[in-house]
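Visitor: Quick one: the structure is below, questions incoming.
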Amino acid sequence: MRTLLFSLAILFFSLVQGLSHNCNIQDQGSTLQVIHVNSPCSPFRPKTPLSWQDNVLQMQSRDKARLQYLSSLVVGKSIVPIASGRTITQNPTYIVRAKIGTPPQTLLLAVDTSNDVAWVPCTGCVGCSSSTPVFDSANSTTFKTVDCSADQCKQVPNPTCAGITCGFNKTYGGSAFAAKLVQDSLVLATDPVPGYTFGCIQTATGSSLPAQGLLGLGRGPLSLLSQTDSLYKSTFSYCLPGYKSTNFSGSLRLGPNSQPKKIKYTQLLKNPRRSSLYYVNLMAIKVGSKVVDIPATAFAFNPSTGAGTVIDSGTIFTNLVKAAYIPVRDEFRRRMGNATVTSLGGFDTCYTVPITIPSITFIFSGMKVTLPQDNFIIRSTAGTTSCLAMAAAADNVNSVLNVIANFQQQNHRILIDVPNSKLGVARETCS
């Protein structure tokens, strides 16, 4: 018995050591480690673990703010007025390490495929979190502000000029901020990017901003892709670890090198009015072996209204327009027979009996992506409750947009190839 207990203790110690080692993995080449916000490696994980139900409700709450942000891109809303007060508290789902300044200061930035210009909270920011690091520009010898006459000043949202320094105002979810447009050295993994243009936040309000900043992976003029086109050729891929994973070995690969060779592609659609968003042509959805009867108008791409389907790393649960969601949900329920349906927050299809739906398949132009259950069923820790992890788009300005979110992307390699207007998907275990 003592021998068994000793062996178990050694095994536990080894696992802990392995987990600790994972947290200290160094980013190599052009590949960055992607960390889930609830990872043991994340400083943003809850100090007191939430119950499964509270965790699900919190993720749904984050999605509300996220969808507000996407809807503002779709319809071009005016910005929310800046006011000091509420502290930044909400965290992103996935983060990467970035080094800014000379000597370098390390920050954990949110990975956001639907945002362009990067931004970080700077020393003296009013309304920014006081419990996490901020960028201290005074300690960087390569820091400089961007003049109002510079081309970059015309490329930020809502530019302002105080003297000769360019600034801008922006909304993000339920938050808003005012920032100076600045330049400094950026290092991603081992790649130096001198003179990177980003926002230095001076004033913030609301609870939707990532505490240490954001790295924009959209395709607008001030995104990472646009500013590093000569280095990364406007190509990147990511694999997101599952939200329950204890390994959290996701990755962000920048540039065309080391990208998967065996991968299925669909065409990226160009919407000049929403250049940040990665639109794709979703054509149909299968539940099990049945192609669900959904009107083509539910998926139709319309640059004027913003309608269509986007792939987004910042939304947690897939949202479908009602004309698509309701038939998918009803087919799902039909396969569950007479089992009692319950709800949990925004999830309207939950069960306390085993879920037996074999798969859900998204059918895009040129490719099909079949999801295993872990990508569309969220289960309680004890396994007593299971919910369809999708929702209907709200009856607001965002009701025309389908969003394929990160829960559905987990353990898949998503490849964005802007020069060839392609989006690739391949199964890859990164949990």
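Just so we're on the same page: first chain in the structure tokens is A, next is B, and so on; residues restart at 1 for each chain, and ligands are numbered from 1 in the order they show up.
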For region 154-234 of chain A against region 121-138 of chain A, with a cut-off of 10 Å and counting only C-alpha atoms, what is the closest atom pair and its distance in Å to one decimal for every residue that makes the cut, ordered by chain and number, as CSV?
Guide:
```
residue,atom,partner,partner_atom,distance
A:Phe177,CA,A:Gly127,CA,9.0
A:Ala178,CA,A:Cys125,CA,9.5
A:Ala179,CA,A:Pro121,CA,8.6
A:Lys180,CA,A:Cys122,CA,9.6
A:Val182,CA,A:Ser137,CA,9.7
A:Asp184,CA,A:Ser137,CA,8.9
A:Gly199,CA,A:Pro121,CA,8.4
A:Cys200,CA,A:Cys122,CA,5.6
A:Ile201,CA,A:Pro121,CA,4.6
A:Gln202,CA,A:Cys125,CA,4.4
A:Thr203,CA,A:Val126,CA,4.7
A:Ala204,CA,A:Gly127,CA,4.9
A:Thr205,CA,A:Gly127,CA,5.8
A:Gly206,CA,A:Gly127,CA,8.3
A:Ser207,CA,A:Cys128,CA,9.6
A:Leu209,CA,A:Cys128,CA,8.8
A:Pro210,CA,A:Pro121,CA,9.4
A:Ala211,CA,A:Ser129,CA,6.3
A:Gln212,CA,A:Pro121,CA,6.4
A:Gly213,CA,A:Pro121,CA,6.3
A:Leu214,CA,A:Pro121,CA,9.6
```
Visitor: Give me, as a tab-separated table (two decimals) with N, CA and C atoms, in the first residue's frame, all polymer residues having an atom no more than 12 Å from Pro241 (chain A), counting only C-alpha atoms and skipping those fewer than 5 positions away in the same chain.
Guide:
```
chain	number	residue	atom	x	y	z
A	33	GLN	N	2.91	30.57	-28.14
A	33	GLN	CA	2.02	29.73	-27.36
A	33	GLN	C	0.71	30.49	-27.11
A	34	VAL	N	-0.41	29.83	-27.39
A	34	VAL	CA	-1.73	30.41	-27.12
A	34	VAL	C	-2.22	29.85	-25.79
A	35	ILE	N	-2.58	30.74	-24.88
A	35	ILE	CA	-2.96	30.34	-23.53
A	35	ILE	C	-4.44	30.64	-23.31
A	36	HIS	N	-5.19	29.67	-22.83
A	36	HIS	CA	-6.59	29.89	-22.47
A	36	HIS	C	-6.63	30.70	-21.17
A	37	VAL	N	-7.59	31.59	-21.08
A	37	VAL	CA	-7.66	32.50	-19.93
A	37	VAL	C	-7.82	31.75	-18.61
A	38	ASN	N	-8.41	30.54	-18.64
A	38	ASN	CA	-8.59	29.76	-17.40
A	38	ASN	C	-7.46	28.77	-17.16
A	39	SER	N	-6.43	28.83	-17.99
A	39	SER	CA	-5.29	27.93	-17.84
A	39	SER	C	-4.57	28.19	-16.52
A	93	THR	N	-10.56	35.35	-24.06
A	93	THR	CA	-10.56	33.90	-23.98
A	93	THR	C	-9.17	33.33	-24.22
A	94	TYR	N	-8.45	33.88	-25.19
A	94	TYR	CA	-7.12	33.38	-25.54
A	94	TYR	C	-6.12	34.53	-25.59
A	95	ILE	N	-4.92	34.28	-25.06
A	95	ILE	CA	-3.90	35.32	-24.98
A	95	ILE	C	-2.56	34.78	-25.46
A	246	THR	N	-6.13	20.85	-19.40
A	246	THR	CA	-5.11	21.17	-18.40
A	246	THR	C	-3.74	21.31	-19.06
A	247	ASN	N	-3.68	21.05	-20.36
A	247	ASN	CA	-2.40	21.13	-21.07
A	247	ASN	C	-2.22	22.50	-21.72
A	248	PHE	N	-3.28	22.97	-22.39
A	248	PHE	CA	-3.27	24.33	-22.94
A	248	PHE	C	-2.07	24.56	-23.86
A	249	SER	N	-1.93	23.69	-24.85
A	249	SER	CA	-0.77	23.78	-25.73
A	249	SER	C	-1.13	24.35	-27.09
A	250	GLY	N	-2.05	25.31	-27.13
A	250	GLY	CA	-2.42	25.92	-28.40
A	250	GLY	C	-1.27	26.75	-28.96
A	251	SER	N	-1.39	27.12	-30.23
A	251	SER	CA	-0.31	27.87	-30.86
A	251	SER	C	-0.84	28.83	-31.91
A	252	LEU	N	-0.07	29.90	-32.13
A	252	LEU	CA	-0.30	30.87	-33.20
A	252	LEU	C	0.95	30.87	-34.06
A	313	SER	N	-12.35	34.62	-33.50
A	313	SER	CA	-11.65	33.99	-32.37
A	313	SER	C	-12.11	34.51	-31.02
A	374	ASP	N	-17.45	17.29	-28.55
A	374	ASP	CA	-16.82	18.26	-27.66
A	374	ASP	C	-16.78	19.66	-28.26
A	375	ASN	N	-17.09	19.80	-29.55
A	375	ASN	CA	-17.11	21.11	-30.18
A	375	ASN	C	-18.50	21.71	-30.30
A	406	ASN	N	-15.15	30.39	-31.10
A	406	ASN	CA	-13.95	29.62	-30.74
A	406	ASN	C	-14.25	28.27	-30.11
A	407	PHE	N	-15.41	28.09	-29.45
A	407	PHE	CA	-15.75	26.78	-28.90
A	407	PHE	C	-15.83	25.75	-30.02
A	408	GLN	N	-16.39	26.16	-31.14
A	408	GLN	CA	-16.52	25.27	-32.29
A	408	GLN	C	-15.20	25.11	-33.04
A	409	GLN	N	-14.23	26.02	-32.81
A	409	GLN	CA	-12.94	25.94	-33.48
A	409	GLN	C	-11.90	25.16	-32.69
A	410	GLN	N	-12.14	24.91	-31.41
A	410	GLN	CA	-11.14	24.26	-30.56
A	410	GLN	C	-10.66	22.94	-31.17
A	411	ASN	N	-9.35	22.70	-31.01
A	411	ASN	CA	-8.71	21.49	-31.55
A	411	ASN	C	-8.86	21.36	-33.06
A	412	HIS	N	-8.86	22.52	-33.73
A	412	HIS	CA	-8.76	22.60	-35.18
A	412	HIS	C	-7.68	23.64	-35.50
A	413	ARG	N	-6.92	23.38	-36.54
A	413	ARG	CA	-5.98	24.38	-37.05
A	413	ARG	C	-6.73	25.24	-38.06
A	428	GLU	N	-6.72	19.10	-35.44
A	428	GLU	CA	-5.43	19.04	-34.75
A	428	GLU	C	-5.68	19.09	-33.26
A	429	THR	N	-5.15	18.12	-32.55
A	429	THR	CA	-5.33	18.11	-31.10
A	429	THR	C	-4.32	19.06	-30.47
A	430	CYS	N	-4.83	20.12	-29.87
A	430	CYS	CA	-3.92	21.06	-29.21
A	430	CYS	C	-4.38	21.28	-27.78
A	431	SER	N	-4.95	20.23	-27.19
A	431	SER	CA	-5.34	20.29	-25.77
A	431	SER	C	-4.63	19.18	-25.03
```
Visitor: Can you tell me which residues surround Ala65 (chain A) at a distance of at most 7 Å, considering only C-alpha atoms, apart from same-chain residues fewer than 3 positions away, and format the answer as a list in words?
Guide: Ser61, Arg62, Gln68, Tyr69, Gly173, Gly174 and Ser208 of chain A
Visitor: Could the residues in this selection be written to a file with N, CA, C and O atoms, as an mmCIF file, in the first residue's frame?
Guide:
```
data_model
loop_
_atom_site.group_PDB
_atom_site.id
_atom_site.type_symbol
_atom_site.label_atom_id
_atom_site.label_comp_id
_atom_site.auth_asym_id
_atom_site.auth_seq_id
_atom_site.Cartn_x
_atom_site.Cartn_y
_atom_site.Cartn_z
ATOM 1 N N SER A 61 -22.162 35.806 -20.888
ATOM 2 C CA SER A 61 -22.152 37.244 -20.655
ATOM 3 C C SER A 61 -21.047 37.914 -21.467
ATOM 4 O O SER A 61 -21.236 38.991 -22.044
ATOM 5 N N ARG A 62 -19.877 37.276 -21.521
ATOM 6 C CA ARG A 62 -18.786 37.811 -22.330
ATOM 7 C C ARG A 62 -19.183 37.876 -23.800
ATOM 8 O O ARG A 62 -18.837 38.822 -24.509
ATOM 9 N N GLN A 68 -21.836 42.672 -29.318
ATOM 10 C CA GLN A 68 -22.038 44.122 -29.448
ATOM 11 C C GLN A 68 -20.936 44.727 -30.306
ATOM 12 O O GLN A 68 -21.185 45.567 -31.168
ATOM 13 N N TYR A 69 -19.706 44.276 -30.048
ATOM 14 C CA TYR A 69 -18.578 44.796 -30.815
ATOM 15 C C TYR A 69 -18.701 44.410 -32.291
ATOM 16 O O TYR A 69 -18.533 45.251 -33.182
ATOM 17 N N GLY A 173 -16.868 45.933 -27.515
ATOM 18 C CA GLY A 173 -17.902 45.341 -26.680
ATOM 19 C C GLY A 173 -18.672 46.438 -25.977
ATOM 20 O O GLY A 173 -19.100 47.416 -26.584
ATOM 21 N N GLY A 174 -18.815 46.324 -24.662
ATOM 22 C CA GLY A 174 -19.519 47.327 -23.880
ATOM 23 C C GLY A 174 -18.601 48.397 -23.339
ATOM 24 O O GLY A 174 -18.974 49.133 -22.427
ATOM 25 N N SER A 208 -15.222 45.384 -20.835
ATOM 26 C CA SER A 208 -15.018 44.426 -21.921
ATOM 27 C C SER A 208 -13.598 44.431 -22.477
ATOM 28 O O SER A 208 -13.297 43.650 -23.368
#
```
Visitor: What is the CA of Gln227 (chain A) to CA of Cys239 (chain A) distance in Å?
Guide: 22.6 Å
Visitor: Pick the closest to Met336 (chain A) from A:Cys350, A:Ala323, A:Leu254, A:Ile311: which is it, counting only C-alpha atoms?
Guide: A:Cys350
Visitor: Restricting the calculation to only C-alpha atoms, which member of A:Pro103, A:Ser399, A:Ser114, A:Thr352 is positioned closest to Gly383 (chain A)?
Guide: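 Among the listed residues, the smallest separation from Gly383 (chain A) belongs to A:Thr352.
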Visitor: Name the closest residue to Ile360 (chain A) among the candidates A:Pro372, A:Gly167, A:Gly216, A:Gly101; distances are taken between atoms, counting only C-alpha atoms.
Guide: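 Of the candidates, the smallest distance to Ile360 (chain A) is held by A:Pro372.
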Visitor: For Gly29 (chain A), which residue among A:Asn302, A:Thr190, A:Gln53, A:Thr318 is the nearest when counting only C-alpha atoms?
Guide: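 Using only C-alpha atoms, Gly29 (chain A) sits closest to A:Thr190.
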